[in-house]
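Enquirer: Coordinates in structure_2.txt, compact mmCIF, C-alpha atoms, are listed below.
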```txt
# COMPACT_ATOMS: atom_id res chain seq x y z
CA MET A 15 17.01 16.09 1.38
CA ARG A 16 19.55 13.84 3.05
CA SER A 17 17.67 13.97 6.33
CA LEU A 18 14.42 13.04 4.56
CA ALA A 19 16.07 9.98 2.98
CA ALA A 20 17.56 9.02 6.35
CA PHE A 21 14.14 9.39 7.96
CA TYR A 22 12.54 7.17 5.32
CA LEU A 23 15.19 4.47 5.73
CA ALA A 24 14.97 4.54 9.51
CA ASN A 25 11.18 4.42 9.53
CA MET A 26 11.14 1.60 6.97
CA LYS A 27 13.50 -0.38 9.19
CA ILE A 28 11.19 0.23 12.16
CA ALA A 29 8.23 -0.98 10.10
CA ILE A 30 10.08 -4.12 9.00
CA VAL A 31 11.11 -4.99 12.56
CA THR A 32 7.64 -4.23 13.90
CA GLN A 33 5.84 -6.26 11.25
CA PHE A 34 8.14 -9.26 11.72
CA GLN A 35 7.15 -9.22 15.39
CA TYR A 36 3.54 -9.68 14.30
CA ARG A 37 4.17 -12.65 12.02
CA VAL A 38 0.92 -14.46 12.84
CA ALA A 39 -1.20 -11.35 12.30
CA ASN A 40 0.56 -10.76 8.98
CA LEU A 41 0.09 -14.40 8.03
CA PHE A 42 -3.66 -14.19 8.60
CA TYR A 43 -3.74 -10.89 6.71
CA MET A 44 -1.90 -12.56 3.82
CA ILE A 45 -4.29 -15.52 3.84
CA GLY A 46 -7.21 -13.12 3.66
CA MET A 47 -5.63 -11.23 0.79
CA ILE A 48 -4.83 -14.29 -1.32
CA ALA A 49 -7.98 -16.31 -0.65
CA GLU A 50 -10.08 -14.61 -3.34
CA PRO A 51 -7.47 -14.81 -6.13
CA ILE A 52 -6.81 -18.46 -5.32
CA VAL A 53 -10.53 -19.25 -5.58
CA TYR A 54 -10.63 -17.50 -8.96
CA LEU A 55 -7.49 -19.36 -10.00
CA VAL A 56 -8.97 -22.74 -9.14
CA VAL A 57 -12.30 -21.95 -10.81
CA TRP A 58 -10.84 -20.61 -14.05
CA SER A 59 -8.19 -23.34 -14.27
CA THR A 60 -10.95 -25.92 -13.87
CA VAL A 61 -13.10 -24.20 -16.49
CA ALA A 62 -10.14 -24.09 -18.89
CA SER A 63 -9.41 -27.79 -18.42
CA THR A 64 -13.06 -28.77 -18.95
CA GLN A 65 -13.28 -26.58 -22.08
CA GLY A 66 -10.49 -28.47 -23.79
CA GLY A 67 -7.55 -26.60 -22.30
CA SER A 68 -8.44 -22.95 -22.81
CA VAL A 69 -11.12 -20.30 -22.43
CA ALA A 70 -11.11 -17.58 -25.09
CA GLY A 71 -7.47 -18.41 -25.80
CA TYR A 72 -6.34 -18.35 -22.17
CA THR A 73 -4.95 -21.62 -20.83
CA GLY A 74 -4.91 -22.79 -17.24
CA GLY A 75 -1.27 -21.72 -17.09
CA ASP A 76 -2.20 -18.23 -18.26
CA PHE A 77 -4.84 -17.98 -15.56
CA ALA A 78 -2.31 -19.23 -13.01
CA ALA A 79 0.24 -16.59 -14.02
CA TYR A 80 -2.37 -13.83 -13.86
CA TYR A 81 -3.82 -14.76 -10.47
CA ILE A 82 -0.47 -15.49 -8.80
CA ILE A 83 0.84 -12.08 -9.87
CA TRP A 84 -2.46 -10.50 -8.86
CA THR A 85 -1.95 -11.70 -5.28
CA LEU A 86 1.21 -9.58 -5.11
CA VAL A 87 -0.35 -6.56 -6.83
CA ARG A 88 -3.34 -6.77 -4.51
CA ASN A 89 -1.09 -6.77 -1.44
CA MET A 90 0.88 -3.81 -2.72
CA ASN A 91 -2.27 -1.74 -3.23
CA ILE A 92 -3.29 -1.74 0.42
CA VAL A 93 -2.46 1.69 1.82
CA LEU A 94 -3.62 4.11 4.47
CA THR A 95 -7.24 5.09 3.88
CA PRO A 96 -8.96 8.44 4.36
CA PHE A 97 -10.78 6.88 7.31
CA ALA A 98 -7.48 6.71 9.19
CA TRP A 99 -7.05 10.44 8.66
CA GLU A 100 -10.61 10.97 9.85
CA GLN A 101 -9.88 9.06 13.05
CA ARG A 102 -6.72 11.11 13.62
CA ILE A 103 -8.70 14.32 13.24
CA LYS A 104 -11.61 13.18 15.40
CA GLY A 105 -9.35 11.79 18.10
CA GLY A 106 -7.08 14.82 18.15
CA ALA A 107 -3.95 12.85 17.23
CA LEU A 108 -3.31 14.81 14.04
CA SER A 109 -2.72 18.11 15.83
CA GLY A 110 0.12 16.56 17.82
CA GLN A 111 1.57 14.90 14.72
CA LEU A 112 1.59 18.22 12.88
CA LEU A 113 3.88 19.67 15.57
CA ARG A 114 6.66 17.29 14.54
CA PRO A 115 9.34 18.49 12.12
CA MET A 116 8.12 16.08 9.39
CA HIS A 117 4.62 16.04 7.96
CA PRO A 118 2.70 12.90 9.04
CA ILE A 119 2.39 11.74 5.44
CA HIS A 120 6.15 11.03 5.38
CA ASN A 121 5.77 8.77 8.40
CA ASP A 122 2.83 6.94 6.83
CA LEU A 123 4.47 6.52 3.44
CA SER A 124 7.76 5.22 4.80
CA TYR A 125 6.08 2.92 7.32
CA PHE A 126 3.78 1.40 4.70
CA ALA A 127 6.72 0.98 2.31
CA GLY A 128 8.58 -0.93 5.02
CA TRP A 129 5.52 -3.07 5.65
CA LYS A 130 5.38 -3.90 1.92
CA VAL A 131 8.88 -5.37 2.18
CA VAL A 132 7.54 -7.78 4.81
CA ALA A 133 4.44 -8.50 2.71
CA ILE A 134 6.61 -9.35 -0.29
CA ALA A 135 8.83 -11.59 1.87
CA MET A 136 5.73 -13.43 3.09
CA TRP A 137 4.30 -13.62 -0.44
CA LEU A 138 7.37 -15.25 -2.00
CA PRO A 139 6.93 -18.75 -0.46
CA ILE A 140 3.20 -18.64 -1.18
CA ALA A 141 3.88 -17.69 -4.79
CA ALA A 142 6.47 -20.47 -5.04
CA ALA A 143 3.96 -23.03 -3.75
CA LEU A 144 1.26 -21.77 -6.11
CA THR A 145 3.75 -21.90 -8.98
CA LEU A 146 4.57 -25.53 -8.21
CA ILE A 147 0.91 -26.48 -7.89
CA PHE A 148 -0.60 -24.58 -10.86
CA GLN A 149 2.42 -24.27 -13.20
CA PRO A 150 1.86 -20.80 -14.68
CA THR A 151 2.94 -20.05 -18.22
CA ILE A 152 4.89 -16.83 -18.01
CA THR A 153 8.06 -15.62 -19.63
CA ILE A 154 10.09 -13.38 -17.37
CA THR A 155 12.82 -11.26 -18.92
CA LEU A 156 15.07 -8.80 -17.15
CA PHE A 157 13.27 -5.91 -18.83
CA ASN A 158 9.85 -7.26 -17.76
CA ALA A 159 11.02 -7.81 -14.19
CA VAL A 160 12.51 -4.33 -13.85
CA THR A 161 9.45 -2.73 -15.46
CA PHE A 162 7.13 -4.69 -13.18
CA PHE A 163 9.16 -3.68 -10.11
CA PHE A 164 8.85 0.02 -10.91
CA ALA A 165 5.20 -0.31 -11.96
CA LEU A 166 4.39 -2.13 -8.72
CA TRP A 167 6.04 0.48 -6.49
CA GLY A 168 4.74 3.28 -8.70
CA GLY A 169 1.24 1.89 -8.33
CA PHE A 170 1.76 1.79 -4.57
CA LEU A 171 2.70 5.48 -4.59
CA VAL A 172 -0.21 6.47 -6.82
CA ARG A 173 -2.65 4.55 -4.64
CA PHE A 174 -1.12 6.03 -1.49
CA PHE A 175 -1.39 9.62 -2.66
CA LEU A 176 -4.75 9.38 -4.43
CA LEU A 177 -6.77 7.30 -2.00
```
Would you give me this structure, written as structure tokens?

Expert:
Amino acid sequence: MRSLAAFYLANMKIAIVTQFQYRVANLFYMIGMIAEPIVYLVVWSTVASTQGGSVAGYTGGDFAAYYIIWTLVRNMNIVLTPFAWEQRIKGGALSGQLLRPMHPIHNDLSYFAGWKVVAIAMWLPIAAALTLIFQPTITITLFNAVTFFFALWGGFLVRFFLL
């Protein structure tokens, strides 16, 4: 069990270093991932302001909180797809990976988890800018933050294993 944890930590570090080397590619990826929620945010905030401040009880600040958080959740839900496994099988890469002492799923899971650390680091300044611009109405407590942290990473694991 200790060697599995050491493998995960080492592979996550490799993913973090690798992804920081591709900052521009990750930046364009991030822009692509947040473009849709930002469009929705602008549209619904505008609708709320033209409707007298709210739509069905949701204010522009409520929409801002929802869509800013959604940008993070959306980034966390990107995982390895079955098509990647198909390519490994078709290309013959999987047979070589199965000869290693660890199953390939451990490599994928730890690498994607490391990449999510980079994605979160890149999301933070974007979320800060969106927060300054749209002023979301959200109350963050320690309990909510801890619960959200575990739900976010738990969702990542569920998506990873079920996709």

Enquirer: What does the structure give for the distance between atom CA of A:Phe126 and atom CA of A:Phe175, in Å to one decimal?

Expert: 12.2 Å

Enquirer: Mind checking which residues fall within 12 Å of A:Gln33, counting only C-alpha atoms, ignoring those fewer than 4 positions away in the same chain, and posting them as a PDB file with C-alpha atoms, keeping the file's coordinate frame?

Expert:
```pdb
ATOM      1  CA  MET A  26      11.140   1.600   6.970  1.00  0.00           C
ATOM      2  CA  LYS A  27      13.500  -0.380   9.190  1.00  0.00           C
ATOM      3  CA  ILE A  28      11.190   0.230  12.160  1.00  0.00           C
ATOM      4  CA  ALA A  29       8.230  -0.980  10.100  1.00  0.00           C
ATOM      5  CA  ARG A  37       4.170 -12.650  12.020  1.00  0.00           C
ATOM      6  CA  VAL A  38       0.920 -14.460  12.840  1.00  0.00           C
ATOM      7  CA  ALA A  39      -1.200 -11.350  12.300  1.00  0.00           C
ATOM      8  CA  ASN A  40       0.560 -10.760   8.980  1.00  0.00           C
ATOM      9  CA  LEU A  41       0.090 -14.400   8.030  1.00  0.00           C
ATOM     10  CA  TYR A  43      -3.740 -10.890   6.710  1.00  0.00           C
ATOM     11  CA  TYR A 125       6.080   2.920   7.320  1.00  0.00           C
ATOM     12  CA  PHE A 126       3.780   1.400   4.700  1.00  0.00           C
ATOM     13  CA  ALA A 127       6.720   0.980   2.310  1.00  0.00           C
ATOM     14  CA  GLY A 128       8.580  -0.930   5.020  1.00  0.00           C
ATOM     15  CA  TRP A 129       5.520  -3.070   5.650  1.00  0.00           C
ATOM     16  CA  LYS A 130       5.380  -3.900   1.920  1.00  0.00           C
ATOM     17  CA  VAL A 131       8.880  -5.370   2.180  1.00  0.00           C
ATOM     18  CA  VAL A 132       7.540  -7.780   4.810  1.00  0.00           C
ATOM     19  CA  ALA A 133       4.440  -8.500   2.710  1.00  0.00           C
ATOM     20  CA  ILE A 134       6.610  -9.350  -0.290  1.00  0.00           C
ATOM     21  CA  ALA A 135       8.830 -11.590   1.870  1.00  0.00           C
ATOM     22  CA  MET A 136       5.730 -13.430   3.090  1.00  0.00           C
TER      23      MET A 136
END
```

Enquirer: Just give me the gap between atom CA of A:Ala159 and atom CA of A:Leu123 in Å, one decimal is fine.

Expert: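 Interatomic distance here is 23.6 Å.
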
Enquirer: Considering all atoms listed in the file, state which residue in the set A:Phe21, A:Phe163, A:Trp84, A:Trp137 is at the smallest distance from A:Leu55.

Expert: A:Trp84

Enquirer: I want to know what sits within 12 Å of A:Gly168, based on all atoms listed in the file, with residues of the same chain fewer than 4 positions away left out; could you give that as a PDB file with C-alpha atoms, keeping the file's coordinate frame?

Expert:
```pdb
ATOM      1  CA  VAL A  87      -0.350  -6.560  -6.830  1.00  0.00           C
ATOM      2  CA  MET A  90       0.880  -3.810  -2.720  1.00  0.00           C
ATOM      3  CA  ASN A  91      -2.270  -1.740  -3.230  1.00  0.00           C
ATOM      4  CA  ALA A 127       6.720   0.980   2.310  1.00  0.00           C
ATOM      5  CA  THR A 161       9.450  -2.730 -15.460  1.00  0.00           C
ATOM      6  CA  PHE A 162       7.130  -4.690 -13.180  1.00  0.00           C
ATOM      7  CA  PHE A 163       9.160  -3.680 -10.110  1.00  0.00           C
ATOM      8  CA  PHE A 164       8.850   0.020 -10.910  1.00  0.00           C
ATOM      9  CA  VAL A 172      -0.210   6.470  -6.820  1.00  0.00           C
ATOM     10  CA  ARG A 173      -2.650   4.550  -4.640  1.00  0.00           C
ATOM     11  CA  PHE A 174      -1.120   6.030  -1.490  1.00  0.00           C
ATOM     12  CA  PHE A 175      -1.390   9.620  -2.660  1.00  0.00           C
TER      13      PHE A 175
END
```

Enquirer: Find, counting only C-alpha atoms, the residue in A:Ala78, A:Leu171, A:Ala20, A:Leu177 that gets nearest to A:Pro96.

Expert: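 Result for the nearest residue to A:Pro96: A:Leu177.
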
Enquirer: Atom CA of A:Arg88 and atom CA of A:Phe170, how far apart in Å?

Expert: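 Between these atoms lies a distance of 10.0 Å.
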
Enquirer: Smallest atom-to-atom distance to A:Val93: which of A:Ile147, A:Ala107, A:Ile52, A:Ser124, using only C-alpha atoms?

Expert: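 Looking only at the distances to A:Val93, the closest residue turns out to be A:Ser124.
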
Enquirer: Show which residues sit within 6 Å of A:Ile48, as a list in words. Count only C-alpha atoms, and ignore same-chain residues fewer than 3 positions away.

Expert: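 These residues fall inside the cut-off: Ile45, Pro51 and Thr85 of chain A.
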
Enquirer: Dump C-alpha atoms for the selected residues as a PDB file, in the coordinates of the input?

Expert:
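And here is the file that came out, again18.pdb:
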```pdb
ATOM      1  CA  ILE A  45      -4.290 -15.520   3.840  1.00  0.00           C
ATOM      2  CA  PRO A  51      -7.470 -14.810  -6.130  1.00  0.00           C
ATOM      3  CA  THR A  85      -1.950 -11.700  -5.280  1.00  0.00           C
TER       4      THR A  85
END
```

Enquirer: Using only C-alpha atoms, which residues sit within 8 Å of A:Ile152 once same-chain residues fewer than 2 positions away are excluded, as a ChimeraX atom specification?

Expert: /A:75-76,79,150,154

Enquirer: Using all atoms listed in the file, pick whichever of A:Ile140, A:Ala62, A:Val31, A:Leu94 has the shortest atom-to-atom distance to A:Pro118.

Expert: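 Nearest candidate to A:Pro118 out of A:Ile140, A:Ala62, A:Val31, A:Leu94: A:Leu94.
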
Enquirer: Could you add N, CA and C atoms to stretch 105-125 of chain A and give me the result as a PDB file, in the coordinates of the input?

Expert:
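Produced file selection24.pdb, reproduced below:
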```pdb
ATOM      1  N   GLY A 105      -9.967  12.120  16.824  1.00  0.00           N
ATOM      2  CA  GLY A 105      -9.350  11.790  18.100  1.00  0.00           C
ATOM      3  C   GLY A 105      -8.345  12.814  18.591  1.00  0.00           C
ATOM      4  N   GLY A 106      -8.014  13.784  17.750  1.00  0.00           N
ATOM      5  CA  GLY A 106      -7.080  14.820  18.150  1.00  0.00           C
ATOM      6  C   GLY A 106      -5.620  14.442  17.984  1.00  0.00           C
ATOM      7  N   ALA A 107      -5.341  13.286  17.389  1.00  0.00           N
ATOM      8  CA  ALA A 107      -3.950  12.850  17.230  1.00  0.00           C
ATOM      9  C   ALA A 107      -3.231  13.650  16.147  1.00  0.00           C
ATOM     10  N   LEU A 108      -3.951  14.108  15.149  1.00  0.00           N
ATOM     11  CA  LEU A 108      -3.310  14.810  14.040  1.00  0.00           C
ATOM     12  C   LEU A 108      -2.664  16.120  14.486  1.00  0.00           C
ATOM     13  N   SER A 109      -3.283  16.830  15.398  1.00  0.00           N
ATOM     14  CA  SER A 109      -2.720  18.110  15.830  1.00  0.00           C
ATOM     15  C   SER A 109      -1.342  17.908  16.464  1.00  0.00           C
ATOM     16  N   GLY A 110      -1.189  16.860  17.234  1.00  0.00           N
ATOM     17  CA  GLY A 110       0.120  16.560  17.820  1.00  0.00           C
ATOM     18  C   GLY A 110       1.125  16.118  16.774  1.00  0.00           C
ATOM     19  N   GLN A 111       0.667  15.353  15.778  1.00  0.00           N
ATOM     20  CA  GLN A 111       1.570  14.900  14.720  1.00  0.00           C
ATOM     21  C   GLN A 111       2.038  16.056  13.840  1.00  0.00           C
ATOM     22  N   LEU A 112       1.204  17.068  13.699  1.00  0.00           N
ATOM     23  CA  LEU A 112       1.590  18.220  12.880  1.00  0.00           C
ATOM     24  C   LEU A 112       2.630  19.101  13.565  1.00  0.00           C
ATOM     25  N   LEU A 113       2.848  18.908  14.858  1.00  0.00           N
ATOM     26  CA  LEU A 113       3.880  19.670  15.570  1.00  0.00           C
ATOM     27  C   LEU A 113       5.272  19.101  15.349  1.00  0.00           C
ATOM     28  N   ARG A 114       5.353  17.906  14.810  1.00  0.00           N
ATOM     29  CA  ARG A 114       6.660  17.290  14.540  1.00  0.00           C
ATOM     30  C   ARG A 114       7.322  17.977  13.347  1.00  0.00           C
ATOM     31  N   PRO A 115       8.642  17.824  13.223  1.00  0.00           N
ATOM     32  CA  PRO A 115       9.340  18.490  12.120  1.00  0.00           C
ATOM     33  C   PRO A 115       8.980  17.937  10.733  1.00  0.00           C
ATOM     34  N   MET A 116       8.509  16.686  10.675  1.00  0.00           N
ATOM     35  CA  MET A 116       8.120  16.080   9.390  1.00  0.00           C
ATOM     36  C   MET A 116       6.604  15.966   9.333  1.00  0.00           C
ATOM     37  N   HIS A 117       6.070  16.202   8.155  1.00  0.00           N
ATOM     38  CA  HIS A 117       4.620  16.040   7.960  1.00  0.00           C
ATOM     39  C   HIS A 117       4.256  14.567   8.185  1.00  0.00           C
ATOM     40  N   PRO A 118       3.098  14.286   8.765  1.00  0.00           N
ATOM     41  CA  PRO A 118       2.700  12.900   9.040  1.00  0.00           C
ATOM     42  C   PRO A 118       2.639  12.003   7.805  1.00  0.00           C
ATOM     43  N   ILE A 119       2.473  12.580   6.643  1.00  0.00           N
ATOM     44  CA  ILE A 119       2.390  11.740   5.440  1.00  0.00           C
ATOM     45  C   ILE A 119       3.721  11.047   5.171  1.00  0.00           C
ATOM     46  N   HIS A 120       4.841  11.664   5.555  1.00  0.00           N
ATOM     47  CA  HIS A 120       6.150  11.030   5.380  1.00  0.00           C
ATOM     48  C   HIS A 120       6.262   9.799   6.282  1.00  0.00           C
ATOM     49  N   ASN A 121       5.758   9.911   7.489  1.00  0.00           N
ATOM     50  CA  ASN A 121       5.770   8.770   8.400  1.00  0.00           C
ATOM     51  C   ASN A 121       4.919   7.637   7.845  1.00  0.00           C
ATOM     52  N   ASP A 122       3.735   7.962   7.369  1.00  0.00           N
ATOM     53  CA  ASP A 122       2.830   6.940   6.830  1.00  0.00           C
ATOM     54  C   ASP A 122       3.415   6.265   5.603  1.00  0.00           C
ATOM     55  N   LEU A 123       3.929   7.066   4.678  1.00  0.00           N
ATOM     56  CA  LEU A 123       4.470   6.520   3.440  1.00  0.00           C
ATOM     57  C   LEU A 123       5.656   5.600   3.705  1.00  0.00           C
ATOM     58  N   SER A 124       6.580   6.042   4.531  1.00  0.00           N
ATOM     59  CA  SER A 124       7.760   5.220   4.800  1.00  0.00           C
ATOM     60  C   SER A 124       7.404   3.971   5.593  1.00  0.00           C
ATOM     61  N   TYR A 125       6.470   4.086   6.527  1.00  0.00           N
ATOM     62  CA  TYR A 125       6.080   2.920   7.320  1.00  0.00           C
ATOM     63  C   TYR A 125       5.381   1.882   6.432  1.00  0.00           C
TER      64      TYR A 125
END
```
